[in-house]
Amino acid sequence: MEDRIYHGEMTPDDFARELVAAFDRGNMRARKIGTGNQVAVQISTAEAASSGGRTALTVSLISIEDGISVKVGQQALLGVAASLGYTALLALKSPLSFLSRIDDLAQDIENLKLSEEVWKVIDSTAHTYGMSTQLSEKLRRISCGYCATANPVGEARCLACGAPLGDTQPLTCKNCGFVITRKESICSNCRQPI
């Protein structure tokens, strides 16, 4: 499961609406489950798909302070694998029968890219609404460890007592947007190097 955090002013319903609009067409179906602070969007191959194997995945959208946590689940690929296997067997048996499966093969290849396509829609939607994985202005305050005064991010010393603030400066992971400290070398959310 891949997880990213987008900071900004948008609701899970806004993301869900965009995902349903992008994927509820052709051989794919998308539906929103839930409302408010926790929403899921299920994206799957249509019941009566004209070609290709079956696949599905779920996108979880959860409101967090000043943003949304987006989790894209593992894609179910068993149906696609079975369809690709059947196409390969037919091609081995009779190369001309492969031609009758060209549309299935094309759909299977498209279905293999579903997770990637979902992230493209999510990133595009976040960008359109002015969201990003960078720390938002609303969260750009740090508390002094000595006097608890709120200071803007980037201040070297506390505005009230003059204590150093360098190690308390927050960052976000460039891969997933998770808030991290300067002491971390690997993101605790996505496990990628910082």
# chains A, B, ... in the order shown; residues from 1 in each chain; ligands from 1
>>> residues_around(residues="range 1-6 of chain A", least_positions_apart="6", cutoff="9 Å", atoms="only C-alpha atoms", output="ChimeraX atom specification")
/A:64,66-74,126,131-135,175-179,189-190
>>> residues_around(residues="range 154-165 of chain A", least_positions_apart="4", cutoff="9 Å", atoms="only C-alpha atoms", output="number ranges by chain")
A: 140, 142-147, 149-150, 169
>>> write_last_selection(atoms="N, CA and C atoms", output="PDB file, in the first residue's frame")
ATOM      1  N   ARG A 140       3.439  25.667   9.391  1.00  0.00           N
ATOM      2  CA  ARG A 140       4.815  26.167   9.453  1.00  0.00           C
ATOM      3  C   ARG A 140       5.086  26.990  10.710  1.00  0.00           C
ATOM      4  N   ILE A 142       6.823  26.321  14.659  1.00  0.00           N
ATOM      5  CA  ILE A 142       7.476  25.371  15.555  1.00  0.00           C
ATOM      6  C   ILE A 142       7.467  25.954  16.957  1.00  0.00           C
ATOM      7  N   SER A 143       7.392  25.080  17.901  1.00  0.00           N
ATOM      8  CA  SER A 143       7.335  25.491  19.294  1.00  0.00           C
ATOM      9  C   SER A 143       8.736  25.416  19.893  1.00  0.00           C
ATOM     10  N   CYS A 144       9.117  26.460  20.588  1.00  0.00           N
ATOM     11  CA  CYS A 144      10.417  26.493  21.250  1.00  0.00           C
ATOM     12  C   CYS A 144      10.426  25.466  22.372  1.00  0.00           C
ATOM     13  N   GLY A 145      11.469  24.684  22.450  1.00  0.00           N
ATOM     14  CA  GLY A 145      11.588  23.659  23.471  1.00  0.00           C
ATOM     15  C   GLY A 145      11.837  24.222  24.866  1.00  0.00           C
ATOM     16  N   TYR A 146      12.209  25.496  24.956  1.00  0.00           N
ATOM     17  CA  TYR A 146      12.512  26.109  26.251  1.00  0.00           C
ATOM     18  C   TYR A 146      11.333  26.915  26.804  1.00  0.00           C
ATOM     19  N   CYS A 147      10.681  27.725  25.934  1.00  0.00           N
ATOM     20  CA  CYS A 147       9.614  28.602  26.438  1.00  0.00           C
ATOM     21  C   CYS A 147       8.251  28.339  25.793  1.00  0.00           C
ATOM     22  N   THR A 149       7.065  29.087  22.912  1.00  0.00           N
ATOM     23  CA  THR A 149       6.565  30.133  22.025  1.00  0.00           C
ATOM     24  C   THR A 149       6.533  29.613  20.589  1.00  0.00           C
ATOM     25  N   ALA A 150       5.449  29.942  19.855  1.00  0.00           N
ATOM     26  CA  ALA A 150       5.343  29.552  18.443  1.00  0.00           C
ATOM     27  C   ALA A 150       6.246  30.452  17.609  1.00  0.00           C
ATOM     28  N   GLN A 169      13.296  22.241  13.406  1.00  0.00           N
ATOM     29  CA  GLN A 169      12.677  22.655  12.155  1.00  0.00           C
ATOM     30  C   GLN A 169      12.043  21.451  11.453  1.00  0.00           C
TER      31      GLN A 169
END
>>> closest_residue(among="A:Gln192, A:Thr11, A:Gln42, A:Thr55", to="Lys113 in chain A", atoms="only C-alpha atoms")
A:Thr55
>>> closest_residue(among="A:Ala40, A:Leu114, A:Ala46, A:Met10", to="Gly26 in chain A", atoms="only C-alpha atoms")
A:Ala46
